[in-house]
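Listing of coords_19.cif; format and content: mmCIF, C-alpha atoms.
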```cif
data_structure
#
loop_
_atom_site.label_atom_id
_atom_site.label_comp_id
_atom_site.auth_asym_id
_atom_site.auth_seq_id
_atom_site.Cartn_x
_atom_site.Cartn_y
_atom_site.Cartn_z
CA VAL A 206 137.52 25.79 57.90
CA GLY A 207 136.96 29.29 56.59
CA TYR A 208 133.80 30.13 54.66
CA VAL A 209 132.97 33.11 52.45
CA GLU A 210 129.41 34.31 52.12
CA THR A 211 128.21 34.21 48.51
CA PRO A 212 124.79 35.00 47.03
CA ARG A 213 124.22 31.23 46.90
CA GLY A 214 125.12 30.67 50.54
CA LEU A 215 128.40 29.79 52.24
CA ARG A 216 131.37 28.50 50.27
CA ALA A 217 134.33 26.82 51.93
CA LEU A 218 137.38 28.89 51.02
CA THR A 219 140.21 27.20 52.87
CA THR A 220 140.87 24.50 55.44
CA VAL A 221 143.87 24.34 57.78
CA TRP A 222 144.48 21.07 59.61
CA ALA A 223 146.62 20.51 62.68
CA GLY A 224 150.21 19.29 62.33
CA HIS A 225 149.55 15.98 64.07
CA LEU A 226 146.28 14.12 63.65
CA SER A 227 145.52 11.13 65.84
CA GLU A 228 144.94 7.70 64.35
CA GLU A 229 141.27 7.69 65.33
CA VAL A 230 140.51 10.73 63.21
CA LYS A 231 142.48 9.37 60.23
CA ARG A 232 140.43 6.18 60.39
CA ARG A 233 137.33 8.25 59.58
CA PHE A 234 138.75 8.95 56.11
CA TYR A 235 139.01 5.24 55.28
CA LYS A 236 136.52 2.43 54.71
CA ALA A 237 139.00 -0.33 55.67
CA TRP A 238 141.90 1.13 57.66
CA HIS A 239 143.88 -2.13 58.06
CA LYS A 240 143.86 -2.85 54.31
CA SER A 241 144.91 0.65 53.34
CA LYS A 242 148.40 2.11 53.19
CA GLN A 243 147.30 4.68 55.78
CA LYS A 244 148.83 7.55 53.86
CA ALA A 245 146.22 10.18 54.77
CA PHE A 246 147.80 13.51 55.78
CA THR A 247 151.38 12.16 55.62
CA LYS A 248 152.44 14.75 53.03
CA TYR A 249 150.52 17.50 54.84
CA GLN A 250 152.29 16.65 58.09
CA LYS A 251 155.64 16.72 56.27
CA ARG A 252 154.89 20.23 54.95
CA TRP A 253 153.91 21.26 58.45
CA SER A 254 157.08 19.88 60.06
CA ASP A 255 159.34 21.34 57.34
CA ALA A 256 157.81 24.78 57.85
CA SER A 257 158.21 24.61 61.62
CA LYS A 258 161.87 23.49 61.21
CA ALA A 259 162.49 26.49 58.97
CA SER A 260 161.23 28.61 61.92
CA GLU A 261 158.31 30.04 59.97
CA SER A 262 154.77 29.50 61.12
CA PRO A 263 153.32 26.56 59.18
CA MET A 264 150.43 27.12 56.74
CA ALA A 265 150.82 30.86 57.22
CA ALA A 266 149.53 31.63 53.71
CA GLU A 267 146.30 29.69 54.24
CA ILE A 268 145.74 31.23 57.69
CA GLU A 269 146.25 34.72 56.21
CA ARG A 270 143.78 33.91 53.41
CA ALA A 271 141.20 32.86 55.98
CA LYS A 272 141.74 36.05 57.98
CA LYS A 273 141.51 38.22 54.89
CA TYR A 274 138.51 36.82 53.06
CA CYS A 275 136.37 34.65 55.34
CA GLN A 276 133.26 35.67 57.24
CA VAL A 277 132.47 32.37 58.98
CA VAL A 278 135.06 30.27 60.82
CA ARG A 279 134.37 26.75 62.03
CA ALA A 280 136.59 24.35 63.98
CA ILE A 281 136.79 20.74 62.80
CA CYS A 282 136.57 18.72 66.02
CA HIS A 283 136.61 14.99 66.63
CA THR A 284 135.61 12.74 69.51
CA GLN A 285 138.15 10.65 71.43
CA VAL A 286 136.23 7.47 70.76
CA SER A 287 138.92 5.11 72.06
CA LYS A 288 138.35 6.41 75.61
CA VAL A 289 134.87 4.88 75.76
CA LYS A 290 134.97 1.14 75.28
CA ILE A 291 132.22 0.70 72.72
CA GLY A 292 134.25 -1.32 70.23
CA GLN A 293 134.67 1.61 67.85
CA LYS A 294 137.99 3.09 66.78
CA LYS A 295 136.80 5.62 64.23
CA ALA A 296 136.35 9.12 65.62
CA HIS A 297 133.25 11.17 64.89
CA ILE A 298 134.01 14.47 63.16
CA LYS A 299 132.00 17.67 63.41
CA GLU A 300 132.41 21.30 62.48
CA ILE A 301 131.69 23.72 65.32
CA GLN A 302 131.21 27.39 64.49
CA VAL A 303 133.14 30.07 66.35
CA ASN A 304 131.22 33.31 66.97
CA GLY A 305 132.15 36.72 68.33
CA GLY A 306 135.05 39.04 67.58
CA THR A 307 136.76 39.72 64.27
CA THR A 308 137.61 37.03 61.73
CA ALA A 309 141.29 37.28 62.66
CA ALA A 310 140.47 36.76 66.34
CA LYS A 311 138.33 33.73 65.46
CA VAL A 312 141.11 32.18 63.35
CA ASP A 313 143.69 32.76 66.09
CA PHE A 314 141.35 31.27 68.68
CA VAL A 315 140.87 28.10 66.63
CA THR A 316 144.54 27.69 65.73
CA GLY A 317 145.31 28.03 69.44
CA LEU A 318 143.03 25.06 70.10
CA PHE A 319 144.79 22.79 67.56
CA GLU A 320 145.52 19.34 69.04
CA GLN A 321 144.01 20.45 72.37
CA GLU A 322 141.36 18.61 74.33
CA VAL A 323 138.13 20.49 74.97
CA LYS A 324 136.46 19.14 78.09
CA VAL A 325 132.72 19.21 78.80
CA ALA A 326 133.31 21.41 81.84
CA ASP A 327 135.04 24.02 79.62
CA VAL A 328 131.90 24.45 77.51
CA PHE A 329 128.96 23.78 79.82
CA SER A 330 128.39 24.49 83.49
CA GLN A 331 126.09 23.16 86.18
CA ASP A 332 122.46 24.37 86.29
CA GLU A 333 122.75 25.48 82.65
CA MET A 334 119.96 24.80 80.15
CA ILE A 335 121.16 23.04 77.00
CA ASP A 336 119.74 21.44 73.87
CA VAL A 337 120.25 17.81 72.85
CA ILE A 338 120.44 16.70 69.21
CA GLY A 339 120.48 13.11 68.00
CA ALA A 340 118.69 10.24 66.31
CA THR A 341 115.91 8.41 68.16
CA LYS A 342 115.75 4.65 68.73
CA GLY A 343 114.95 2.81 65.50
CA LYS A 344 111.73 0.76 65.47
CA GLY A 345 111.83 -0.54 61.89
CA PHE A 346 108.88 -0.70 59.48
CA ASN A 347 105.53 -0.08 61.16
CA GLY A 348 101.90 0.08 60.09
CA VAL A 349 99.57 3.06 60.29
CA VAL A 350 97.98 2.20 63.65
CA THR A 351 101.35 2.22 65.44
CA ARG A 352 102.98 4.91 63.33
CA TRP A 353 100.20 7.47 63.09
CA GLY A 354 97.76 6.35 65.81
CA VAL A 355 94.80 5.96 63.47
CA THR A 356 91.83 4.05 64.86
CA ARG A 357 91.53 0.36 64.11
CA LEU A 358 88.61 -0.58 61.86
CA ALA A 359 85.65 -2.72 62.94
CA ARG A 360 86.30 -6.35 63.83
CA LYS A 361 84.47 -7.78 60.79
CA SER A 362 86.11 -5.48 58.23
CA HIS A 363 87.31 -7.11 55.01
CA ARG A 364 91.04 -7.56 54.24
CA GLY A 365 92.42 -6.52 57.61
CA LEU A 366 91.58 -3.89 60.19
CA ARG A 367 94.86 -2.11 61.09
CA LYS A 368 94.46 0.13 58.07
CA VAL A 369 93.36 3.54 56.85
CA ALA A 370 89.88 2.99 55.41
CA CYS A 371 90.00 5.64 52.70
CA ILE A 372 93.31 7.02 51.49
CA GLY A 373 91.73 9.87 49.53
CA SER A 374 89.09 10.98 47.07
CA TRP A 375 88.96 10.08 43.39
CA HIS A 376 90.22 13.54 42.43
CA PRO A 377 92.95 14.69 42.89
CA ALA A 378 93.89 11.27 41.52
CA ARG A 379 96.95 10.96 43.73
CA VAL A 380 97.54 10.02 47.32
CA GLN A 381 98.17 13.23 49.25
CA PHE A 382 101.13 13.49 51.60
CA GLN A 383 98.87 14.16 54.61
CA VAL A 384 97.39 10.64 54.46
CA PRO A 385 98.90 8.27 57.05
CA ARG A 386 100.89 5.46 55.39
CA SER A 387 103.01 2.65 56.80
CA GLY A 388 106.81 2.95 56.81
CA GLN A 389 109.89 3.61 58.89
CA ARG A 390 109.36 4.56 62.54
CA GLY A 391 112.14 5.74 64.82
CA TYR A 392 115.75 6.59 63.93
CA HIS A 393 114.55 10.12 63.27
CA HIS A 394 116.71 13.19 63.81
CA ARG A 395 115.41 15.19 66.77
CA THR A 396 116.39 18.35 68.63
CA GLU A 397 115.08 18.66 72.18
CA ILE A 398 115.54 21.99 73.92
CA ASN A 399 115.87 23.10 77.55
CA LYS A 400 117.50 20.21 79.40
CA LYS A 401 118.96 21.27 82.73
CA ILE A 402 122.43 20.06 83.66
CA TYR A 403 122.27 18.57 87.15
CA ARG A 404 125.93 17.68 87.47
CA ILE A 405 129.14 17.56 85.45
CA GLY A 406 131.32 14.77 86.81
CA LYS A 407 135.06 14.33 86.51
CA ALA A 408 136.79 11.18 85.27
CA VAL A 409 137.38 8.30 87.70
CA LYS A 410 141.14 8.94 87.84
CA ASP A 411 140.61 12.56 88.91
CA ASP A 412 137.67 12.02 91.25
CA PRO A 413 136.87 8.37 92.12
CA ASN A 414 133.93 9.34 94.36
CA ASN A 415 132.12 11.54 91.86
CA ALA A 416 128.60 10.46 92.90
CA MET A 417 128.83 11.74 96.47
CA THR A 418 126.50 14.51 97.61
CA GLU A 419 126.17 16.72 100.68
CA ASN A 420 123.56 14.45 102.22
CA ASP A 421 124.95 11.10 101.05
CA LEU A 422 128.57 10.72 102.13
CA THR A 423 128.98 7.15 100.85
CA GLU A 424 132.18 7.00 98.81
CA LYS A 425 130.98 5.85 95.41
CA GLY A 426 131.43 6.52 91.71
CA ILE A 427 128.67 7.19 89.22
CA THR A 428 128.72 3.66 87.75
CA PRO A 429 125.97 1.55 89.35
CA ILE A 430 126.65 -2.00 90.63
CA GLY A 431 127.18 -4.21 87.61
CA GLY A 432 127.59 -1.23 85.29
CA PHE A 433 125.06 0.72 83.24
CA SER A 434 122.94 -1.75 81.31
CA HIS A 435 124.02 -2.27 77.69
CA TYR A 436 126.89 0.14 78.26
CA GLY A 437 129.34 -0.71 81.06
CA GLU A 438 131.39 1.52 83.31
CA VAL A 439 131.74 5.29 83.07
CA ASN A 440 135.42 6.14 83.51
CA GLU A 441 135.61 9.50 81.71
CA ASP A 442 133.94 12.88 82.34
CA TRP A 443 130.15 12.68 82.40
CA VAL A 444 127.11 14.95 82.33
CA MET A 445 123.87 14.34 84.24
CA MET A 446 120.84 15.99 82.69
CA LYS A 447 117.19 16.22 83.61
CA GLY A 448 114.79 14.41 81.31
CA THR A 449 115.18 11.95 78.49
CA VAL A 450 117.82 11.84 75.79
CA MET A 451 116.89 10.43 72.40
CA GLY A 452 118.48 7.30 70.99
CA CYS A 453 119.74 3.95 72.19
CA ARG A 454 122.76 3.26 74.40
CA LYS A 455 126.18 4.20 72.98
CA ARG A 456 124.64 6.44 70.34
CA LEU A 457 126.36 9.73 69.56
CA ILE A 458 124.47 12.83 70.67
CA THR A 459 125.29 16.50 70.23
CA LEU A 460 124.96 18.92 73.15
CA ARG A 461 124.42 22.55 72.23
CA LYS A 462 124.20 25.82 74.13
CA SER A 463 120.64 27.11 74.36
CA LEU A 464 119.67 29.58 71.63
CA LEU A 465 117.12 31.35 73.83
CA PRO A 466 117.64 33.68 76.77
CA GLN A 467 117.01 31.45 79.79
CA VAL A 468 115.12 33.60 82.28
CA SER A 469 112.36 31.37 83.68
CA ARG A 470 112.34 30.27 87.33
CA LYS A 471 113.09 26.70 86.25
CA ALA A 472 116.08 27.75 84.17
CA THR A 473 117.68 29.97 86.80
CA GLU A 474 117.18 27.81 89.89
CA LYS A 475 120.22 26.24 91.52
CA VAL A 476 119.99 22.47 91.90
CA GLU A 477 121.44 20.73 94.96
CA LEU A 478 121.43 16.98 94.45
CA LYS A 479 120.60 15.12 97.65
CA PHE A 480 121.20 11.57 96.45
CA ILE A 481 122.44 9.73 93.35
CA ASP A 482 121.17 6.16 93.08
CA THR A 483 123.92 3.68 92.16
CA ALA A 484 121.99 0.49 92.87
CA SER A 485 122.05 -2.26 90.25
CA LYS A 486 120.03 -1.44 87.14
CA MET A 487 119.43 -5.12 86.33
CA GLY A 488 117.23 -6.27 89.19
CA HIS A 489 115.53 -4.65 92.16
CA GLY A 490 118.76 -2.97 93.23
CA ARG A 491 118.96 -3.21 97.03
CA PHE A 492 122.55 -2.02 97.57
CA GLN A 493 124.33 1.19 96.63
CA THR A 494 127.90 -0.17 96.61
CA SER A 495 129.47 -3.60 96.33
CA GLU A 496 130.98 -3.11 99.82
CA GLU A 497 127.49 -2.62 101.23
CA LYS A 498 126.36 -5.80 99.48
CA ALA A 499 129.33 -7.78 100.81
CA LYS A 500 128.68 -6.48 104.30
CA PHE A 501 125.05 -7.59 104.11
CA TYR A 502 125.84 -11.07 102.79
CA GLY A 503 129.02 -11.35 104.86
CA GLY A 504 130.78 -13.64 102.38
CA ALA A 505 132.87 -11.76 99.85
CA ALA A 506 134.67 -9.55 102.36
CA ALA A 507 135.62 -12.46 104.60
CA LYS A 508 136.90 -14.51 101.66
CA LYS A 509 139.12 -11.66 100.48
CA ALA A 510 140.59 -11.31 103.96
CA ARG A 511 141.42 -15.06 104.11
CA LYS A 512 143.30 -14.95 100.81
CA GLU A 513 145.61 -12.24 102.10
#
```
Write out the structure in this file as structure tokens.
Amino acid sequence: VGYVETPRGLRALTTVWAGHLSEEVKRRFYKAWHKSKQKAFTKYQKRWSDASKASESPMAAEIERAKKYCQVVRAICHTQVSKVKIGQKKAHIKEIQVNGGTTAAKVDFVTGLFEQEVKVADVFSQDEMIDVIGATKGKGFNGVVTRWGVTRLARKSHRGLRKVACIGSWHPARVQFQVPRSGQRGYHHRTEINKKIYRIGKAVKDDPNNAMTENDLTEKGITPIGGFSHYGEVNEDWVMMKGTVMGCRKRLITLRKSLLPQVSRKATEKVELKFIDTASKMGHGRFQTSEEKAKFYGGAAAKKARKE
């Protein structure tokens, strides 16, 4: 997407899409994909293929317009949501701004990335400080004591005690916004800064033992015994960060490069992980791998051998 700067802010001037869009991203443009005729982008793709057959670069006019007039260039990116088994087929779509260089260089950079996969390791690196953006866990409708931490009233107070005693003076004859009231708690948009990346792991097919460390040579993957609770197995690339990340399991979060120069001792230190715990997250977790568990109980391994 190319934007021009106007006195009223940015205005989208032109958008160039890739020649082939995956089904997951097309689903995002529909409420009910299976009921629809699924015609999104069919004519656009035809224009694209006709242009490439005629040996001219497709959408050249639009790309030239973007290079000529735009100041801000953003890439429309989508997640590959079918890779994580969370029962969702609709991709999430986001615009990501491209900075640095001339407008023409930006446009060429983005068109070069059309239909390409951008891995986590291409953007972030180990020991880097990043920011996390997302929505917190929803808690529903809560009263003032839980939501604002006001003090409970005396035990004998009339008509309830988990209340605000006085919600304001007679005049101004309105309730001011500063007064604690009951309402929605959680599911708020939050940006937390300065999370250190401890490790960026590869997918299981590339590196099945991606939870090994220098000190712990047990061959094991990042998924704990019995899977991550309320999630399952991690088979794709993963990022391990220090600290908490807002939101419930399976919720979409945005990772962003830090906007501040990271110069503190904490930010620049190199982290060497000694041990990654892959014990079960459902009980007390005594074993790191299922082989270790079988060896301890001495049943499962022997049974498997008999079957062969």
Applied to the shown file, which residues does the PyMOL selection byres ((chain A and resi 367) around 9) return, written as number ranges by chain?
-> A: 348-351, 355-358, 365-366, 368-369
Distance in Å - CA of Val312 (chain A) versus CA of Arg252 (chain A) = 20.1 Å
Skip region 388-396 of chain A itself and residues of its chain fewer than 4 positions away, then list as a VMD selection string all residues within 8 Å of it, counting all atoms listed in the file.
-> chain A and resid 336 to 348 352 451 to 452
Matched chain/residue IDs from the PyMOL selection byres ((chain A and resi 320-333) around 9), as a VMD selection string = chain A and resid 223 to 227 317 to 319 334 to 335 399 to 407 442 to 444 461 to 463 467 472 to 476
Residues of the last selection are to be written out with C-alpha atoms, as a compact mmCIF listing (two decimals), in the coordinates of the input.
```
# COMPACT_ATOMS: atom_id res chain seq x y z
CA ALA A 223 146.62 20.51 62.68
CA GLY A 224 150.21 19.29 62.33
CA HIS A 225 149.55 15.98 64.07
CA LEU A 226 146.28 14.12 63.65
CA SER A 227 145.52 11.13 65.84
CA GLY A 317 145.31 28.03 69.44
CA LEU A 318 143.03 25.06 70.10
CA PHE A 319 144.79 22.79 67.56
CA MET A 334 119.96 24.80 80.15
CA ILE A 335 121.16 23.04 77.00
CA ASN A 399 115.87 23.10 77.55
CA LYS A 400 117.50 20.21 79.40
CA LYS A 401 118.96 21.27 82.73
CA ILE A 402 122.43 20.06 83.66
CA TYR A 403 122.27 18.57 87.15
CA ARG A 404 125.93 17.68 87.47
CA ILE A 405 129.14 17.56 85.45
CA GLY A 406 131.32 14.77 86.81
CA LYS A 407 135.06 14.33 86.51
CA ASP A 442 133.94 12.88 82.34
CA TRP A 443 130.15 12.68 82.40
CA VAL A 444 127.11 14.95 82.33
CA ARG A 461 124.42 22.55 72.23
CA LYS A 462 124.20 25.82 74.13
CA SER A 463 120.64 27.11 74.36
CA GLN A 467 117.01 31.45 79.79
CA ALA A 472 116.08 27.75 84.17
CA THR A 473 117.68 29.97 86.80
CA GLU A 474 117.18 27.81 89.89
CA LYS A 475 120.22 26.24 91.52
CA VAL A 476 119.99 22.47 91.90
```
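Applied to this file, the PyMOL selection byres ((chain A and resi 299) around 7) selects Ile281, Cys282, His283, His297, Ile298, Glu300 and Ile301 of chain A.
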Supply region 354-378 of chain A as a tab-separated table (two decimals), in the frame of the given file, with N, CA and C atoms built in where the input has gaps.
```tsv
chain	number	residue	atom	x	y	z
A	354	GLY	N	98.81	6.36	64.79
A	354	GLY	CA	97.76	6.35	65.81
A	354	GLY	C	96.37	6.44	65.24
A	355	VAL	N	96.16	5.95	64.01
A	355	VAL	CA	94.80	5.96	63.47
A	355	VAL	C	93.99	4.88	64.18
A	356	THR	N	92.68	5.01	64.15
A	356	THR	CA	91.83	4.05	64.86
A	356	THR	C	91.73	2.76	64.06
A	357	ARG	N	91.73	1.65	64.78
A	357	ARG	CA	91.53	0.36	64.11
A	357	ARG	C	90.11	0.31	63.54
A	358	LEU	N	89.94	-0.45	62.47
A	358	LEU	CA	88.61	-0.58	61.86
A	358	LEU	C	87.79	-1.62	62.64
A	359	ALA	N	86.54	-1.79	62.23
A	359	ALA	CA	85.65	-2.72	62.94
A	359	ALA	C	86.16	-4.15	62.82
A	360	ARG	N	85.76	-4.99	63.77
A	360	ARG	CA	86.30	-6.35	63.83
A	360	ARG	C	86.05	-7.14	62.55
A	361	LYS	N	84.85	-6.94	61.93
A	361	LYS	CA	84.47	-7.78	60.79
A	361	LYS	C	84.95	-7.22	59.45
A	362	SER	N	85.78	-6.13	59.50
A	362	SER	CA	86.11	-5.48	58.23
A	362	SER	C	86.94	-6.40	57.34
A	363	HIS	N	86.72	-6.24	56.03
A	363	HIS	CA	87.31	-7.11	55.01
A	363	HIS	C	88.77	-6.74	54.78
A	364	ARG	N	89.61	-7.74	54.56
A	364	ARG	CA	91.04	-7.56	54.24
A	364	ARG	C	91.79	-6.75	55.31
A	365	GLY	N	91.60	-7.13	56.56
A	365	GLY	CA	92.42	-6.52	57.61
A	365	GLY	C	91.76	-5.32	58.26
A	366	LEU	N	92.21	-5.00	59.48
A	366	LEU	CA	91.58	-3.89	60.19
A	366	LEU	C	92.58	-2.86	60.70
A	367	ARG	N	93.88	-3.13	60.65
A	367	ARG	CA	94.86	-2.11	61.09
A	367	ARG	C	95.24	-1.26	59.88
A	368	LYS	N	94.25	-0.59	59.32
A	368	LYS	CA	94.46	0.13	58.07
A	368	LYS	C	93.81	1.51	58.12
A	369	VAL	N	94.11	2.32	57.09
A	369	VAL	CA	93.36	3.54	56.85
A	369	VAL	C	92.26	3.17	55.87
A	370	ALA	N	91.00	3.48	56.22
A	370	ALA	CA	89.88	2.99	55.41
A	370	ALA	C	89.88	3.64	54.03
A	371	CYS	N	90.03	4.94	53.99
A	371	CYS	CA	90.00	5.64	52.70
A	371	CYS	C	91.25	6.49	52.60
A	372	ILE	N	92.06	6.26	51.57
A	372	ILE	CA	93.31	7.02	51.49
A	372	ILE	C	93.17	8.23	50.58
A	373	GLY	N	91.91	8.63	50.28
A	373	GLY	CA	91.73	9.87	49.53
A	373	GLY	C	90.59	9.77	48.53
A	374	SER	N	90.19	10.92	48.03
A	374	SER	CA	89.09	10.98	47.07
A	374	SER	C	89.57	10.58	45.68
A	375	TRP	N	88.62	10.44	44.77
A	375	TRP	CA	88.96	10.08	43.39
A	375	TRP	C	89.86	11.17	42.79
A	376	HIS	N	89.41	12.44	42.93
A	376	HIS	CA	90.22	13.54	42.43
A	376	HIS	C	90.56	14.46	43.59
A	377	PRO	N	91.78	14.93	43.74
A	377	PRO	CA	92.95	14.69	42.89
A	377	PRO	C	93.34	13.21	42.87
A	378	ALA	N	93.67	12.71	41.69
A	378	ALA	CA	93.89	11.27	41.52
A	378	ALA	C	95.29	10.85	41.98
```
